[in-house]
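J.: Pasting a structure here, questions to come.
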Amino acid sequence: MPPLPPRRPSLCLFCASAARRRLQARKLPVVQVAHRSAPPAASKRARHDEPHLAFNKSPLSYQPPRRTYDIISWRLSVLLAEFVEPEFLESLQFTRKAFDKEWRTFESSVDLWVKQRSPEFRTLTETGSRSGYRLLDSKLRQMFYAQACGGRFTDAELNHQKEVADLRYPAEWYPATREIPRTVHLHVGPTNSGKTYHALKRLEEAESGIYLGPLRLLAHEVYTRLNAKGKPCALVTGEEQRVPEGPTRMWSCTVEMAPLNAPLDVAVIDEIQMINHPERGWAWTQAFFGLQAKELHLCGEERTVPLMRELCALVGDKVEVHEYERLTPLKVAARSLDGKLDRLEKGDCIVSFSVIGIHALRREIEKKSGKKCAIVYGSLPPETRAQQARLFNDPDNEYDYLVASDAVGMGLNLSIKRVIFESTWKNNGQSFVPLQIPEIKQIAGRAGRYKSAHQAINQDLADKAASDKSGDPTIGLDDVKPDSNSVPGKPSTQTVGYVTTLDRTDFDMLKKGMVQEAEVIRTAGLFPPAGVVERFSSYFPPGTPFSYIMSRLHEICNIHPRFHLCALKDQLTIADTIHLIKNLTIADRITICSAPANMKDKMQKKFLFTLASCIANNASGDLLDLEKLPLEYLDQKPSPDREYLYQLELLHKMLVAYLWLSYRFPNVFTTRTLANHVKKLVEDRIESTLSEFSFTRQTSAAIIMKKREAAMHKYKKHEAGRKGNTFRPTLRDDQLPQPVKDVLEDPTFLAQSEPAMDDATPELEVLESEDVEPLEKQHQQLSGKAQGLGKGELPPNLDLARNQPESRL
């Protein structure tokens with residue numbers, strides 16, 4: 001045992017006060033020596049009475065900044081207010097006394113985590129954004145669950161859990177498919193190369209087949225085309241199902257909805273490079289391993305070829321690679337626009353990465369040019385996006401320009417002459433980060449489409465007159481047919497596409513991104529199937545939070561290096577939202593956690609809780625009986641306020657969630673027809689609102705610019721070779737409980753904030769630090785009141801989470 005430090009000599013009251021004043025005047029650090037004269041029991045009681053962490057009691061030398069102390073104390077106060085509710089304690093089978101003891105141990109674990117000062121901890125506490133605090137709350141919550149629930153297992157139970165969590169051989173999950181000899185055709189090439197055209201031609205020739213795409217728009221377009229050609233086809237997406245009468249031989253689906261038990265002749269899987277997506281990649285992996293098709297046509301980028309060859313060799317499939325070249329040239333412009341919107345030309349598309357930025361640009365463009373500007377972004381309904389694309393493609397109206405988010409990267413056939421990046425940086429949910437090379441090329445590839453808008457519309461009318469085709473020419477399937485009269489691989493009349501930036505500061509990064517090759521895809525996404533999750537859940541006692549079960553499965557699972565585990569994203573938040581609802585089976589919770597819902601919004605949380613309660617209690621799910629569904633938004637007078645458009649988008653997302661669940665629980669949610677009707681009314685209202693009004697918030701747009709510039713400056717300094725030498729103390733392995741260490745070492749946790757490019761894309765938001773400061777002041781006031789609390793007491797307004805204003809961006 002190391003020797004104790006010498007005790008300081010006793011001072012009289014006057015000398016002690018004078019010494020303290022001199023130290024404070026010189027701003028020297030005050031070092032308090034821990035006297036060990038008090039008995040251990042007294043120290044424990046003193047610690048228990050403190051409402052927040054006491055970082056100064058750690059034996060480590062590193063002392064976190066005061067702001068870090070305040071942030072952790074604040075978020076622990078929020079969690080504590082939720083955990084001490086009687087219903088929550090009952091669900092965890094805790095008495096209040098047992099919980100108090102567990103909470104004190106949990107505070108010690110958090111204290112050690114803070115002292116580690118890991119990169120993840122700095123990311124969660126130093127962003128100053130509301131999204132960063134949401135991730136911090138989730139991390140703290142999972143740490144508490146791990147400590148409270150993870151210590152109850154025997155060694156035998158832990159071994160059984162690890163056996164179930166062995167995910168190294170996903171191909172073996174589909175034994176019926178492994179009995180079929182398959183030939184895999186890889187159609188690879190850049191955007192606008194016609195690769196999908198050849199795959200769809202083979203699908204049209206087959207007796208039975210399926211198309212799987214990343215977006216509902218694409219699935220709906222293939223469904224329309226096949227039916228128009230006399231091939232009865234079923235449409236299956238998350239919120240819509242259209243099945244023709246008689247036996248079904250053709251399917252068009254979003255990739256998550258692939259029917260894996262149907263024998264097929266031909267299957268087409270579009271955008272195969274998304275098999276590497278951090279959240280949705282599991283759906284492409286599942287489709288590849290599970291589809292019972294004799295011919296499998298995979299369309300995507302060339303960088304997927306090495307991985308797909310490995311996966312084909314793994315299951316014994318024959319591989320044929322078909323390479324394609326872009327049908328039109330794509331060039332980087334000689335210079336940027338230097339921030340001057342008056343240099344815009346007809347057919348230009350400006351790409352921005354925030355809803356506020358999109359509306360601000362639209363207003364400025366219309367103000368300076370006198371022309372109309374169409375807009376496309378992820379939170380708009382797919383039908384509205386297609387309608388805005390039609391307005392932009394029509395050369396005979398006033399819609400000369402388009403402002404869009406990265407949702408323009410796929411799903412829409414837009415006659416864009418020039419793509420202009422408003423910035424080469426985007427908000428990933430926590431901070432501004434530079435665009436990746438695949439993102440730059442995917443978006444830039446929209447420029448210089450093979451056909452102009454006028455040609456596409458005329459060709460569509462001609463096809464419709466000849467074969468009664470009802471496809472939408474605005475849907476971009478990358479299925480351009482090469483001109484047979486021209487040189488192979490090149491159209492007869494080339495349309496050159498150009499790409500540039502709005503500001504000069506982004507131009508160099510764009511040029512580098514366009515000439516560099518993207519990294520080869522090395523891993524495929526994986527997610528435990530429902531059967532594995534149910535079996536894994538059986539090893540946990542009743543009342544264990546389902547979010548902890550899911551995170552525990554992710555932490556201890558064993559996977560092959562050629563796969564990566566997809567992030568949970570909103571599943572953990574949904575699981576915690578419905579945790580207190582009784583009578584839900586594990587299968588029910590798995591299904592509800594997969595529902596399309598933006599859990600950053602409080603109204604959507606409450607609405608999903610209502611839907612889950614209907615399922616648990618087998619209550620009426622009639623659309624008109626759901627009090628949390630704000631149908632009154634349709635009765636409001638259209639307004640140029642951004643809040644009004646946000647309310648319509650929110651109502652549309654709620655209706656989509658209702659329709660999605662209605663196909664999983666048809667006996668509970670019986671008013672699907674009414675929901676589809678109301679959804680169409682909302683879409684019409686959104687379209688008319690976008691046509692009549694422009695929305696902007698100059699203050700928020702300026703904040704975005706300021707934070708982006710700060711991130712760019714920091715990134716450039718880092719690239720120049722600046723390396724920080726921060727102190728990171730090491731901890732002994734026995735200082736943290738093993739379940740808590742598993743949570744801290746989870747490599748997929750921070751990936752939850754990555755946005756997905758799909759119909760439910762959460763738009764990249766502003767970092768809302770300007771709204772956080774008032775909440776921190778509220779926390780300081782709360783801390784002052786908490787000093788006088790006794791054991792087990794909480795102030796009535798401690799639940800800050802219920803009083804925080806939600807983002808409306």
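Each chain of the structure tokens is named A, B, ... in the order shown, its residues numbered from 1; ligands are numbered from 1 in display order.
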At a cut-off of 6 Å, using only C-alpha atoms, what residues contact range 165-168 of chain A? Leave out same-chain residues fewer than 6 positions from it and give the result as a list in words.
T.: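 Close residues of range 165-168 of chain A: Cys557, Asn558, Ile559 and His560 of chain A.
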J.: Skip Ala575 in chain A itself and residues of its chain fewer than 5 positions away, then list as a list in words all residues within 9 Å of it, counting only C-alpha atoms.
T.: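 Everything that qualifies: Pro545, Phe546, Ser547, Tyr548, Asp570, Arg589, Ile590, Ile592 and Cys593 of chain A.
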J.: Can you measure CA of Arg390 in chain A to CA of Leu634 in chain A for me? One decimal in Å is fine.
T.: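 CA of Leu634 in chain A lies 25.0 Å from CA of Arg390 in chain A.
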J.: If we count only C-alpha atoms and set the cut-off at 8 Å, which residues sit around Leu136 in chain A, ignoring sequence neighbours fewer than 2 positions away in its own chain? Please answer as a list in words.
T.: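 Selected residues are Arg75, Leu124, Thr125, Gly132, Tyr133, Arg134, Ser138, Lys139 and Leu140 of chain A.
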J.: Can you work out the spacing between CA of Glu398 in chain A and CA of Leu380 in chain A in Å, to one decimal?
T.: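 Going from CA of Glu398 in chain A over to CA of Leu380 in chain A, I get 21.5 Å.
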J.: Which residues come within 6 Å of range 258-271 of chain A, counting only C-alpha atoms, excluding same-chain residues fewer than 5 positions away, as JSON, numbers by chain?
T.: {"A": [203, 208, 209, 210, 211, 212, 213, 290, 291, 292, 293, 294, 295, 296, 297, 298, 299, 300]}
J.: Please produce a file of the residues just selected, as a compact mmCIF listing (two decimals), in the first residue's frame, where the atoms kept are N, CA and C atoms.
T.:
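Writing done, so here's result16.txt:
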# COMPACT_ATOMS: atom_id res chain seq x y z
N LEU A 203 -34.94 -9.59 -67.32
CA LEU A 203 -36.08 -9.84 -66.44
C LEU A 203 -37.38 -9.91 -67.23
N SER A 208 -40.58 -16.03 -64.65
CA SER A 208 -40.79 -15.55 -63.28
C SER A 208 -39.56 -14.79 -62.86
N GLY A 209 -39.76 -13.75 -62.05
CA GLY A 209 -38.60 -12.97 -61.64
C GLY A 209 -38.97 -11.89 -60.63
N ILE A 210 -37.95 -11.15 -60.21
CA ILE A 210 -38.14 -10.12 -59.20
C ILE A 210 -37.14 -9.00 -59.42
N TYR A 211 -37.58 -7.77 -59.14
CA TYR A 211 -36.69 -6.61 -59.11
C TYR A 211 -36.64 -6.09 -57.68
N LEU A 212 -35.43 -5.83 -57.18
CA LEU A 212 -35.24 -5.28 -55.84
C LEU A 212 -34.46 -3.99 -55.96
N GLY A 213 -35.04 -2.89 -55.46
CA GLY A 213 -34.38 -1.60 -55.53
C GLY A 213 -34.31 -0.93 -54.17
N GLY A 290 -30.24 -15.19 -49.98
CA GLY A 290 -31.51 -15.87 -49.80
C GLY A 290 -32.38 -16.05 -51.02
N LEU A 291 -32.18 -15.27 -52.09
CA LEU A 291 -33.06 -15.38 -53.25
C LEU A 291 -32.87 -16.72 -53.97
N GLN A 292 -33.97 -17.42 -54.21
CA GLN A 292 -33.94 -18.71 -54.88
C GLN A 292 -34.12 -18.51 -56.39
N ALA A 293 -33.13 -17.88 -57.01
CA ALA A 293 -33.20 -17.56 -58.43
C ALA A 293 -32.07 -18.26 -59.18
N LYS A 294 -32.38 -18.75 -60.39
CA LYS A 294 -31.36 -19.41 -61.20
C LYS A 294 -30.36 -18.39 -61.74
N GLU A 295 -30.86 -17.20 -62.10
CA GLU A 295 -29.99 -16.13 -62.57
C GLU A 295 -30.13 -14.94 -61.63
N LEU A 296 -29.01 -14.42 -61.19
CA LEU A 296 -29.00 -13.27 -60.29
C LEU A 296 -28.23 -12.15 -60.97
N HIS A 297 -28.90 -11.03 -61.27
CA HIS A 297 -28.28 -9.90 -61.94
C HIS A 297 -28.08 -8.78 -60.91
N LEU A 298 -26.83 -8.42 -60.67
CA LEU A 298 -26.48 -7.39 -59.70
C LEU A 298 -25.98 -6.16 -60.44
N CYS A 299 -26.60 -5.01 -60.19
CA CYS A 299 -26.25 -3.76 -60.87
C CYS A 299 -25.65 -2.79 -59.87
N GLY A 300 -24.50 -2.20 -60.20
CA GLY A 300 -23.89 -1.26 -59.27
C GLY A 300 -22.53 -0.79 -59.73
J.: Measuring between only C-alpha atoms, which one of A:Leu629, A:Val433, A:Val376, A:Val532 shows the shortest distance to Asp406 in chain A?
T.: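 The answer is A:Val376, which sits nearest to Asp406 in chain A.
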J.: Looking at only C-alpha atoms, which of A:Gly347, A:Pro561, A:Pro542, A:Pro529 is the one that sits closest to His579 in chain A?
T.: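 Among the listed residues, A:Pro542 lies closest to His579 in chain A.
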J.: State, in Å with one decimal place, the distance from CA of Asn397 in chain A to CA of Ile365 in chain A.
T.: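 One can read the CA of Asn397 in chain A to CA of Ile365 in chain A distance as 16.1 Å.
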J.: Could you list, as a VMD selection string, every residue within 10 Å of range 350-353 of chain A, counting only C-alpha atoms and ignoring same-chain residues fewer than 4 positions away?
T.: chain A and resid 344 357 to 359 361 to 362 375 to 377 401 to 409 418 to 428 443 to 444 499 to 502 763 to 766
J.: DSSP on the backbone, then: every residue of range 218-341 of chain A marked strand (DSSP E), written as a ChimeraX atom specification.
T.: /A:233-236,241-242,250-254,264-269,293-300,318-323,330-332
J.: Quick one: everything within 9 Å of Arg216 in chain A, counting only C-alpha atoms, minus sequence neighbours fewer than 2 positions away in the same chain. Send it as a list in words.
T.: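 What passes the distance filter is Gly213, Pro214, Leu218, Ala219, His220, Glu221, Val236, Thr237, Gly238, Cys253, Thr254, Pro382, Gly411, Asp758 and Asp759 of chain A.
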J.: Please determine, counting only C-alpha atoms, which residue among A:Thr154, A:Thr123, A:Thr248, A:Asn583 has the shortest atom-to-atom distance to Gly543 in chain A.
T.: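 Looking at the shortest contact to Gly543 in chain A, the residue is A:Asn583.
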